[in-house]
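Source file: upload.pdb; contents: PDB, C-alpha atoms.
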```
ATOM      1  CA  MET A  21     -14.098   3.273  75.043
ATOM      2  CA  ARG A  22     -11.920   3.105  78.132
ATOM      3  CA  PHE A  23     -11.691   5.712  80.862
ATOM      4  CA  VAL A  24      -9.123   7.204  83.216
ATOM      5  CA  PRO A  25      -9.484   5.411  86.584
ATOM      6  CA  LEU A  26     -10.055   8.548  88.684
ATOM      7  CA  ASP A  27     -12.947   9.886  90.732
ATOM      8  CA  THR A  28     -14.296  12.724  88.622
ATOM      9  CA  PRO A  29     -17.870  14.028  88.298
ATOM     10  CA  LYS A  30     -17.986  12.799  84.700
ATOM     11  CA  PRO A  31     -15.886   9.954  83.285
ATOM     12  CA  LEU A  32     -12.751  10.955  81.379
ATOM     13  CA  SER A  33     -12.453   8.980  78.158
ATOM     14  CA  LYS A  34      -8.919   7.844  77.337
ATOM     15  CA  ILE A  35      -9.375   9.387  73.898
ATOM     16  CA  GLY A  36     -10.750  12.888  73.706
ATOM     17  CA  LEU A  37     -11.216  15.274  70.817
ATOM     18  CA  GLY A  38      -8.911  18.235  70.344
ATOM     19  CA  THR A  39     -10.508  21.124  68.462
ATOM     20  CA  TRP A  40      -7.659  23.534  67.719
ATOM     21  CA  GLN A  41      -8.463  23.073  64.025
ATOM     22  CA  PHE A  42     -12.095  24.195  64.451
ATOM     23  CA  GLY A  43     -12.301  27.684  62.997
ATOM     24  CA  SER A  44      -8.529  27.912  62.480
ATOM     25  CA  ARG A  45      -7.479  28.366  58.862
ATOM     26  CA  GLU A  46      -3.806  27.636  59.469
ATOM     27  CA  TRP A  47      -4.466  23.882  59.349
ATOM     28  CA  GLY A  48      -5.337  24.200  55.674
ATOM     29  CA  TYR A  49      -8.543  22.142  55.871
ATOM     30  CA  GLY A  50     -10.529  24.604  53.776
ATOM     31  CA  PRO A  51     -13.749  26.578  54.362
ATOM     32  CA  GLU A  52     -16.010  23.512  54.218
ATOM     33  CA  TYR A  53     -14.303  22.034  57.272
ATOM     34  CA  GLU A  54     -16.495  24.041  59.636
ATOM     35  CA  ARG A  55     -19.507  22.085  58.389
ATOM     36  CA  ARG A  56     -17.652  18.798  58.802
ATOM     37  CA  ALA A  57     -16.693  19.747  62.352
ATOM     38  CA  ALA A  58     -20.271  19.247  63.508
ATOM     39  CA  ASP A  59     -20.334  15.728  62.036
ATOM     40  CA  ILE A  60     -17.012  14.941  63.737
ATOM     41  CA  VAL A  61     -18.335  16.061  67.131
ATOM     42  CA  ARG A  62     -21.591  14.134  66.785
ATOM     43  CA  ARG A  63     -19.742  10.957  65.820
ATOM     44  CA  ALA A  64     -17.307  11.400  68.715
ATOM     45  CA  VAL A  65     -20.212  11.503  71.160
ATOM     46  CA  ASP A  66     -21.693   8.362  69.606
ATOM     47  CA  LEU A  67     -18.356   6.564  70.042
ATOM     48  CA  GLY A  68     -18.223   7.260  73.780
ATOM     49  CA  ILE A  69     -15.720  10.108  73.715
ATOM     50  CA  THR A  70     -16.466  12.325  76.708
ATOM     51  CA  VAL A  71     -13.575  14.826  76.708
ATOM     52  CA  PHE A  72     -13.764  17.762  74.284
ATOM     53  CA  ASP A  73     -10.912  20.246  74.500
ATOM     54  CA  THR A  74     -10.856  23.769  73.120
ATOM     55  CA  ALA A  75      -9.449  27.197  74.025
ATOM     56  CA  GLU A  76     -10.365  30.843  73.688
ATOM     57  CA  LEU A  77      -7.276  31.265  71.484
ATOM     58  CA  TYR A  78      -8.354  28.676  68.880
ATOM     59  CA  GLY A  79      -9.820  30.647  66.010
ATOM     60  CA  PHE A  80     -10.142  33.562  68.483
ATOM     61  CA  GLY A  81     -13.258  32.041  70.025
ATOM     62  CA  ARG A  82     -14.643  30.336  66.920
ATOM     63  CA  SER A  83     -13.575  26.880  68.081
ATOM     64  CA  GLU A  84     -15.565  27.283  71.297
ATOM     65  CA  ARG A  85     -18.641  28.447  69.386
ATOM     66  CA  ILE A  86     -18.430  25.648  66.811
ATOM     67  CA  LEU A  87     -17.943  23.013  69.499
ATOM     68  CA  GLY A  88     -20.793  24.264  71.676
ATOM     69  CA  GLU A  89     -23.223  24.427  68.778
ATOM     70  CA  ALA A  90     -22.210  20.965  67.549
ATOM     71  CA  LEU A  91     -22.721  19.384  70.968
ATOM     72  CA  GLY A  92     -26.137  20.978  71.417
ATOM     73  CA  ASP A  93     -28.216  19.116  73.992
ATOM     74  CA  ASP A  94     -25.289  16.807  74.778
ATOM     75  CA  ARG A  95     -23.256  19.593  76.365
ATOM     76  CA  PRO A  96     -24.235  18.615  79.938
ATOM     77  CA  LYS A  97     -23.242  14.977  79.313
ATOM     78  CA  VAL A  98     -19.626  15.536  78.280
ATOM     79  CA  VAL A  99     -16.488  17.028  79.799
ATOM     80  CA  LEU A 100     -16.071  20.464  78.274
ATOM     81  CA  ALA A 101     -12.500  21.662  78.688
ATOM     82  CA  THR A 102     -11.294  25.065  77.599
ATOM     83  CA  LYS A 103      -8.298  27.277  78.303
ATOM     84  CA  ILE A 104      -7.564  30.879  79.167
ATOM     85  CA  PHE A 105      -4.717  32.473  77.245
ATOM     86  CA  PRO A 106      -2.695  33.991  80.082
ATOM     87  CA  ILE A 107      -2.218  37.620  79.088
ATOM     88  CA  LEU A 108      -2.392  39.378  82.458
ATOM     89  CA  PRO A 109      -4.062  36.389  84.174
ATOM     90  CA  VAL A 110      -4.882  38.180  87.422
ATOM     91  CA  ALA A 111      -7.925  37.020  89.335
ATOM     92  CA  PRO A 112     -10.548  39.432  87.919
ATOM     93  CA  VAL A 113      -9.394  38.797  84.346
ATOM     94  CA  VAL A 114      -9.517  35.026  84.868
ATOM     95  CA  GLN A 115     -13.095  35.325  86.052
ATOM     96  CA  GLN A 116     -14.164  37.562  83.157
ATOM     97  CA  ARG A 117     -12.590  35.320  80.543
ATOM     98  CA  ALA A 118     -14.201  32.189  81.983
ATOM     99  CA  VAL A 119     -17.618  33.834  81.699
ATOM    100  CA  ALA A 120     -16.865  34.728  78.080
ATOM    101  CA  SER A 121     -15.738  31.187  77.218
ATOM    102  CA  ALA A 122     -18.810  29.680  78.846
ATOM    103  CA  ALA A 123     -21.038  32.020  76.836
ATOM    104  CA  ARG A 124     -19.365  31.023  73.567
ATOM    105  CA  LEU A 125     -19.768  27.348  74.452
ATOM    106  CA  GLY A 126     -23.389  27.907  75.441
ATOM    107  CA  VAL A 127     -23.040  26.572  78.979
ATOM    108  CA  THR A 128     -23.186  27.816  82.555
ATOM    109  CA  HIS A 129     -20.539  25.374  83.803
ATOM    110  CA  LEU A 130     -17.042  24.613  82.536
ATOM    111  CA  ASP A 131     -16.032  21.081  83.532
ATOM    112  CA  LEU A 132     -12.309  21.805  83.195
ATOM    113  CA  TYR A 133     -10.798  25.286  82.963
ATOM    114  CA  GLN A 134      -7.094  25.354  82.150
ATOM    115  CA  VAL A 135      -4.301  27.922  82.081
ATOM    116  CA  HIS A 136      -3.000  27.670  78.518
ATOM    117  CA  GLN A 137       0.607  28.634  79.307
ATOM    118  CA  ALA A 138       2.550  29.542  82.395
ATOM    119  CA  ASN A 139       2.961  33.323  82.538
ATOM    120  CA  PRO A 140       6.575  34.210  83.401
ATOM    121  CA  LEU A 141       5.598  37.531  85.002
ATOM    122  CA  VAL A 142       2.358  36.723  86.836
ATOM    123  CA  ALA A 143       2.607  34.328  89.762
ATOM    124  CA  ASP A 144       0.180  31.431  89.965
ATOM    125  CA  HIS A 145      -1.250  32.545  93.288
ATOM    126  CA  THR A 146      -3.173  35.427  91.692
ATOM    127  CA  THR A 147      -4.329  33.289  88.749
ATOM    128  CA  MET A 148      -5.452  30.523  91.074
ATOM    129  CA  ARG A 149      -7.300  32.992  93.282
ATOM    130  CA  GLY A 150      -9.492  33.672  90.270
ATOM    131  CA  MET A 151      -9.861  29.959  89.582
ATOM    132  CA  ARG A 152     -10.868  29.293  93.185
ATOM    133  CA  ALA A 153     -13.535  31.998  93.016
ATOM    134  CA  LEU A 154     -14.893  30.428  89.824
ATOM    135  CA  GLN A 155     -15.097  27.055  91.537
ATOM    136  CA  ASP A 156     -16.801  28.576  94.568
ATOM    137  CA  VAL A 157     -19.618  30.046  92.472
ATOM    138  CA  GLY A 158     -19.992  26.849  90.434
ATOM    139  CA  LEU A 159     -18.888  28.163  87.043
ATOM    140  CA  VAL A 160     -15.819  25.897  87.010
ATOM    141  CA  GLY A 161     -15.606  22.281  88.113
ATOM    142  CA  GLU A 162     -11.990  21.187  87.861
ATOM    143  CA  VAL A 163      -8.932  23.356  87.326
ATOM    144  CA  GLY A 164      -6.085  22.375  85.026
ATOM    145  CA  VAL A 165      -2.871  23.790  83.622
ATOM    146  CA  SER A 166      -1.126  23.380  80.303
ATOM    147  CA  ASN A 167       2.534  23.388  79.303
ATOM    148  CA  TYR A 168       3.629  23.436  82.950
ATOM    149  CA  GLY A 169       6.696  21.728  84.320
ATOM    150  CA  LEU A 170       6.228  19.491  87.335
ATOM    151  CA  ARG A 171       7.400  22.046  89.889
ATOM    152  CA  ARG A 172       5.098  24.799  88.633
ATOM    153  CA  TRP A 173       2.186  22.347  88.444
ATOM    154  CA  GLN A 174       2.720  21.599  92.139
ATOM    155  CA  VAL A 175       3.076  25.296  92.963
ATOM    156  CA  ALA A 176      -0.191  26.042  91.144
ATOM    157  CA  GLU A 177      -1.944  23.351  93.142
ATOM    158  CA  ALA A 178      -0.624  24.740  96.411
ATOM    159  CA  ALA A 179      -1.846  28.183  95.375
ATOM    160  CA  LEU A 180      -5.304  26.846  94.494
ATOM    161  CA  GLY A 181      -5.541  24.902  97.745
ATOM    162  CA  ARG A 182      -7.308  22.110  95.854
ATOM    163  CA  ARG A 183      -6.287  19.617  93.231
ATOM    164  CA  VAL A 184      -5.167  20.905  89.879
ATOM    165  CA  LEU A 185      -6.516  17.870  88.099
ATOM    166  CA  SER A 186      -4.610  17.945  84.847
ATOM    167  CA  ASN A 187      -1.592  19.173  82.951
ATOM    168  CA  GLN A 188      -2.028  19.337  79.186
ATOM    169  CA  VAL A 189       1.335  18.925  77.508
ATOM    170  CA  ARG A 190       2.880  17.949  74.204
ATOM    171  CA  TYR A 191       3.363  14.199  74.500
ATOM    172  CA  SER A 192       3.908  11.622  71.791
ATOM    173  CA  MET A 193       6.352   8.888  70.875
ATOM    174  CA  VAL A 194       8.729  11.578  69.609
ATOM    175  CA  ASP A 195       8.084  14.036  72.468
ATOM    176  CA  ARG A 196       8.613  11.820  75.491
ATOM    177  CA  GLY A 197       9.691  14.374  78.093
ATOM    178  CA  PRO A 198       6.563  13.878  80.250
ATOM    179  CA  GLU A 199       7.565  10.252  80.854
ATOM    180  CA  HIS A 200      10.424  11.372  83.096
ATOM    181  CA  ASP A 201       8.473  13.272  85.756
ATOM    182  CA  LEU A 202       4.899  14.239  84.861
ATOM    183  CA  LEU A 203       3.610  10.700  84.309
ATOM    184  CA  PRO A 204       5.068   9.277  87.551
ATOM    185  CA  TYR A 205       3.626  12.241  89.468
ATOM    186  CA  ALA A 206       0.190  11.846  87.882
ATOM    187  CA  ARG A 207       0.068   8.201  88.849
ATOM    188  CA  GLN A 208       1.280   8.810  92.402
ATOM    189  CA  ALA A 209      -0.961  11.826  93.068
ATOM    190  CA  GLY A 210      -4.065  10.758  91.148
ATOM    191  CA  ARG A 211      -3.784  13.429  88.478
ATOM    192  CA  VAL A 212      -4.065  13.382  84.677
ATOM    193  CA  VAL A 213      -1.649  14.139  81.879
ATOM    194  CA  ILE A 214      -3.568  15.260  78.795
ATOM    195  CA  ALA A 215      -1.473  14.578  75.700
ATOM    196  CA  TYR A 216      -1.847  17.091  72.909
ATOM    197  CA  SER A 217      -0.235  16.488  69.519
ATOM    198  CA  PRO A 218      -0.177  12.764  70.425
ATOM    199  CA  LEU A 219       0.574  11.921  66.784
ATOM    200  CA  ALA A 220       3.158  14.708  66.455
ATOM    201  CA  GLN A 221       0.749  16.533  64.124
ATOM    202  CA  GLY A 222       0.564  13.468  61.877
ATOM    203  CA  PHE A 223       4.270  12.640  61.729
ATOM    204  CA  LEU A 224       3.520   9.247  63.338
ATOM    205  CA  SER A 225       0.713   8.439  60.915
ATOM    206  CA  GLY A 226       3.093   7.198  58.238
ATOM    207  CA  ARG A 227       1.307   9.314  55.617
ATOM    208  CA  TYR A 228       4.282  11.576  54.965
ATOM    209  CA  ASP A 229       7.819  11.097  53.723
ATOM    210  CA  ALA A 230      10.554  13.221  52.205
ATOM    211  CA  LYS A 231       8.884  13.049  48.779
ATOM    212  CA  ASN A 232       5.397  13.629  50.174
ATOM    213  CA  PRO A 233       5.587  16.395  52.815
ATOM    214  CA  PRO A 234       2.444  17.795  54.431
ATOM    215  CA  SER A 235       0.677  21.019  53.515
ATOM    216  CA  GLY A 236      -0.747  23.614  55.892
ATOM    217  CA  ALA A 237       1.081  26.330  57.815
ATOM    218  CA  VAL A 238       1.088  24.453  61.136
ATOM    219  CA  ARG A 239       2.837  21.364  59.831
ATOM    220  CA  ARG A 240       5.203  23.330  57.584
ATOM    221  CA  ALA A 241       6.459  25.106  60.704
ATOM    222  CA  ASN A 242       7.093  21.796  62.517
ATOM    223  CA  PRO A 243      10.722  20.655  62.219
ATOM    224  CA  TYR A 244       9.682  16.994  62.325
ATOM    225  CA  PHE A 245       8.470  17.408  58.741
ATOM    226  CA  LEU A 246      11.824  18.497  57.400
ATOM    227  CA  PRO A 247      12.889  16.020  54.685
ATOM    228  CA  GLU A 248      15.888  14.961  56.771
ATOM    229  CA  ASN A 249      13.701  14.172  59.774
ATOM    230  CA  LEU A 250      11.169  12.318  57.669
ATOM    231  CA  GLU A 251      14.056  10.145  56.455
ATOM    232  CA  ARG A 252      15.422   9.685  59.980
ATOM    233  CA  GLY A 253      11.999   8.608  61.204
ATOM    234  CA  ALA A 254      11.642   5.783  58.693
ATOM    235  CA  THR A 255      12.703   3.089  61.174
ATOM    236  CA  LEU A 256      10.233   4.303  63.779
ATOM    237  CA  ILE A 257       7.422   4.353  61.226
ATOM    238  CA  ASP A 258       8.370   0.844  60.067
ATOM    239  CA  THR A 259       8.154  -0.402  63.670
ATOM    240  CA  LEU A 260       4.742   1.206  64.069
ATOM    241  CA  ARG A 261       3.597  -0.493  60.872
ATOM    242  CA  GLN A 262       4.844  -3.905  62.036
ATOM    243  CA  VAL A 263       2.974  -3.650  65.334
ATOM    244  CA  ALA A 264      -0.067  -2.251  63.542
ATOM    245  CA  ASP A 265      -0.162  -5.247  61.207
ATOM    246  CA  ALA A 266      -0.276  -7.572  64.214
ATOM    247  CA  HIS A 267      -3.351  -5.755  65.537
ATOM    248  CA  ASP A 268      -5.093  -5.072  62.224
ATOM    249  CA  ALA A 269      -4.627  -1.408  63.051
ATOM    250  CA  THR A 270      -2.964   1.698  61.648
ATOM    251  CA  PRO A 271       0.349   3.268  62.723
ATOM    252  CA  SER A 272      -1.585   6.197  64.211
ATOM    253  CA  GLN A 273      -3.672   3.865  66.350
ATOM    254  CA  ILE A 274      -0.558   2.122  67.660
ATOM    255  CA  ALA A 275       1.104   5.467  68.424
ATOM    256  CA  LEU A 276      -1.966   6.385  70.482
ATOM    257  CA  ALA A 277      -2.082   3.001  72.192
ATOM    258  CA  TYR A 278       1.542   3.505  73.259
ATOM    259  CA  LEU A 279       0.521   6.620  75.211
ATOM    260  CA  LEU A 280      -2.726   5.229  76.561
ATOM    261  CA  ARG A 281      -0.945   2.269  78.150
ATOM    262  CA  HIS A 282      -0.319   4.592  81.096
ATOM    263  CA  PRO A 283      -3.489   4.673  83.221
ATOM    264  CA  ASN A 284      -3.341   8.406  83.951
ATOM    265  CA  VAL A 285      -2.885   9.582  80.355
ATOM    266  CA  LEU A 286      -5.645  10.663  78.018
ATOM    267  CA  ALA A 287      -4.926  11.863  74.496
ATOM    268  CA  ILE A 288      -6.755  14.545  72.531
ATOM    269  CA  PRO A 289      -5.937  14.057  68.844
ATOM    270  CA  GLY A 290      -7.716  16.244  66.353
ATOM    271  CA  ALA A 291      -9.640  14.831  63.419
ATOM    272  CA  SER A 292      -9.994  15.986  59.837
ATOM    273  CA  GLY A 293     -13.068  13.832  59.266
ATOM    274  CA  VAL A 294     -15.484  11.319  60.763
ATOM    275  CA  GLU A 295     -13.355   8.349  59.708
ATOM    276  CA  GLN A 296     -10.359   9.702  61.583
ATOM    277  CA  VAL A 297     -12.259  10.202  64.825
ATOM    278  CA  GLU A 298     -13.520   6.628  64.488
ATOM    279  CA  ARG A 299      -9.967   5.325  64.123
ATOM    280  CA  ASN A 300      -8.775   7.424  67.041
ATOM    281  CA  ALA A 301     -11.526   6.145  69.321
ATOM    282  CA  ALA A 302     -10.756   2.531  68.411
ATOM    283  CA  ALA A 303      -7.155   2.989  69.563
ATOM    284  CA  ALA A 304      -8.349   3.069  73.179
ATOM    285  CA  ASP A 305      -9.201  -0.625  72.950
ATOM    286  CA  ILE A 306      -5.802  -1.816  71.683
ATOM    287  CA  ASP A 307      -3.725  -3.771  74.205
ATOM    288  CA  LEU A 308      -0.022  -3.760  73.399
ATOM    289  CA  ALA A 309       2.035  -6.748  74.516
ATOM    290  CA  ASP A 310       5.090  -6.029  76.648
ATOM    291  CA  ASP A 311       7.484  -6.893  73.841
ATOM    292  CA  GLU A 312       5.574  -4.673  71.400
ATOM    293  CA  HIS A 313       5.704  -1.745  73.805
ATOM    294  CA  ALA A 314       9.418  -2.326  74.355
ATOM    295  CA  ALA A 315      10.089  -2.401  70.612
ATOM    296  CA  LEU A 316       8.178   0.824  70.118
ATOM    297  CA  ALA A 317       9.983   2.530  73.001
ATOM    298  CA  ARG A 318      13.343   1.439  71.606
ATOM    299  CA  ALA A 319      12.537   2.737  68.115
ATOM    300  CA  ALA A 320      11.344   6.020  69.607
ATOM    301  CA  ARG A 321      14.559   6.448  71.610
ATOM    302  CA  GLU A 322      16.666   5.802  68.522
ATOM    303  CA  PHE A 323      14.912   8.530  66.507
ATOM    304  CA  ARG A 324      17.220  11.565  66.543
ATOM    305  CA  PRO A 325      15.515  14.470  64.760
ATOM    306  CA  VAL A 326      17.067  17.805  63.907
ATOM    307  CA  THR A 327      15.276  20.329  66.143
ATOM    308  CA  GLY A 328      15.829  23.639  67.902
ATOM    309  CA  LEU A 329      18.267  26.187  66.508
ATOM    310  CA  ALA A 330      19.805  23.590  64.196
ATOM    311  CA  ALA A 331      16.452  23.205  62.433
ATOM    312  CA  ALA A 332      15.830  26.934  61.907
ATOM    313  CA  PRO A 333      17.805  27.414  58.650
ATOM    314  CA  ARG A 334      16.398  24.161  57.257
ATOM    315  CA  LEU A 335      12.850  25.295  58.016
ATOM    316  CA  LEU A 336      13.533  28.601  56.291
ATOM    317  CA  ARG A 337      14.832  26.832  53.191
ATOM    318  CA  ALA A 338      11.837  24.490  53.221
ATOM    319  CA  ARG A 339       9.419  27.439  53.408
ATOM    320  CA  THR A 340      11.149  29.438  50.664
ATOM    321  CA  GLY A 341      12.006  26.500  48.411
ATOM    322  CA  ARG A 342      15.701  27.380  48.377
TER     323      ARG A 342
END
```
I'd like the structure from this file rewritten - as C-alpha cells, please.
Amino acid sequence: MRFVPLDTPKPLSKIGLGTWQFGSREWGYGPEYERRAADIVRRAVDLGITVFDTAELYGFGRSERILGEALGDDRPKVVLATKIFPILPVAPVVQQRAVASAARLGVTHLDLYQVHQANPLVADHTTMRGMRALQDVGLVGEVGVSNYGLRRWQVAEAALGRRVLSNQVRYSMVDRGPEHDLLPYARQAGRVVIAYSPLAQGFLSGRYDAKNPPSGAVRRANPYFLPENLERGATLIDTLRQVADAHDATPSQIALAYLLRHPNVLAIPGASGVEQVERNAAAADIDLADDEHAALARAAREFRPVTGLAAAPRLLRARTGR
C-alpha cells in the first residue's frame, strides 16, 4: 500500500474503503451483504488500507454502526472519516451530530469529520465554528468538506482558521472536473482530494455494456449506464483493457491507478466482496508509464456521454422499459 505524502497523525492510504453500500438497500446487494461487510472491512485492514469513509446519511446511521463493529479493536489504528448531512448545520447542531456519529462508530475521536454538502443558505462560518469547537475538545481531529468548489473550500478554511484537510468529490476518468482546479490547489497547499465514485459506479470496470446493463437503483439512475453511453464508452473501455493487459491487471485497477498518479489524491471505492477490495488495494502499486497515462487521458477526453437534461427522458424510458 502507498500513502499520501502529507503530515497527518495517521497515514492516509492511497486506497481507502467507501461504505455507502453498508446498510443501504438501494445498491441491490441483498440482505446477506451486511454479514459480508465485516469480512470486507477485516480484509481491508489486513491489506494496509487505513482510510474508512462513511456518513450519517448512509443507511441512516447503519453504515456507521456496521463499520464500527467490523473494525472492533482496530478502530484506533485507522482513519475513521464520516460526514454530517448539512440540514441546518449551525454550530450546536454540528456538535450534536458529531457526538451521535462517534457513538454509532463506537469511538470517542473522529479522525476526519466532513461536511457532506455545501448548504446554500447557511454560511460556512457558523458550521466551522462548530467544527472548531469539536477540534478544541478533541472529538474531531481533521476537518474536511465534500462536494465543494475550490472557492468555497478556501472560504471554509478561512472560517475554520485551520486547515480543511480534504475535499471529497466525484472524480473518475469520466468525471475529470477536479483536475482543473482542485488537484492543483491540493498539491500547492498540501491538501487532499478524496475521490468518490472513482470507477463511476462500475462503468469503468468493463463489466457492463448495452446488452448487459447493471441492476440496482443507484446505477439505474446513473446516466452513464444508458445503452447509448455504454456504446459510446466502448473505446475508453478498450483502452483500459489494453493498458490492463500490459500490467496483468483489470480495467478497474487501471482506472484507479490513473487517479492515484497524483500524489494528493486518495480514492475510496466501495467493494461488493473481499475479492474486490483485494483488487482495489493492489491498484495502489501500479505505476503507469507516461505514454499509458497519456493514452488513457486522451480516451477519457474523447468520451462524450449524454448527461444532464438531455439524459432525463432516456433515463425515464430505461426505468419504465418504454
So which residues get picked by the PyMOL selection byres ((chain A and resi 113) around 12) here, written as a list in words?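 So the PyMOL selection byres ((chain A and resi 113) around 12) ends up selecting Ile104, Phe105, Pro106, Ile107, Leu108, Pro109, Val110, Ala111, Pro112, Val114, Gln115, Gln116, Arg117, Ala118, Val119, Ala120, Thr146, Thr147, Met148, Arg149, Gly150, Met151, Ala153 and Leu154 of chain A.
Distances from A:Ala291, A:Ala317, A:Ala254, A:Leu26 to A:Ala209 were compared using only C-alpha atoms, and the smallest one belongs to A:Leu26.
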Find the residues around stretch 297-301 of chain A up to 8 Å (all atoms listed in the file counted), leave out those fewer than 4 positions away in its own chain, and share them as a list of chain:residue names. A:Met21, A:Ile35, A:Leu37, A:Ile60, A:Arg63, A:Ala64, A:Leu67, A:Ile69, A:Ser272, A:Gln273, A:Leu276, A:Pro289, A:Gly290, A:Ala291, A:Ser292, A:Gly293
In Å, with one decimal, what is the gap from atom CA of A:Val189 to atom CA of A:Asn167? 5.0 Å
Nearest to A:His313, restricted to only C-alpha atoms and choosing among A:Arg171, A:Tyr205, A:Met193, A:Glu162, comes out as A:Met193
Å distance separating atom CA of A:His145 from atom CA of A:Arg182, one decimal place: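 Interatomic distance here is 12.3 Å.
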Return as a VMD selection string the set of residues that the PyMOL selection byres ((chain A and resi 194) around 12) yields on the displayed structure. chain A and resid 190 to 193 195 to 199 217 to 224 243 to 244 249 252 to 253 256 to 257 275 to 276 278 to 279 316 to 327
Kindly extract all protein, DNA and RNA residues lying within 6 Å of the coordinates (-1.8, -1.6, 71.6) given in the file, considering all atoms listed in the file, and supply them as a compact mmCIF listing (two decimals) with C-alpha atoms, keeping the file's coordinate frame.
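result_15.txt was written with the following content:
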```
# COMPACT_ATOMS: atom_id res chain seq x y z
CA ILE A 274 -0.56 2.12 67.66
CA ALA A 277 -2.08 3.00 72.19
CA ILE A 306 -5.80 -1.82 71.68
CA ASP A 307 -3.72 -3.77 74.20
CA LEU A 308 -0.02 -3.76 73.40
```
With distances taken over all atoms listed in the file, the candidate from A:Val213, A:Val99, A:Ala178, A:Leu132 nearest A:Asp201 is A:Val213
Just so the selection is clear, what residues does the PyMOL selection byres ((chain A and resi 82) around 10) cover here, as a VMD selection string? chain A and resid 40 to 44 54 74 to 81 83 to 88 124 to 125
Length of the atom CA of A:His282 to atom CA of A:Arg211 vector [Å]: 12.0 Å
Nearest to A:Gln296, chosen from A:Asp73, A:Asp27, A:Asp59, A:Asp310, with only C-alpha atoms counted in the distances: A:Asp59
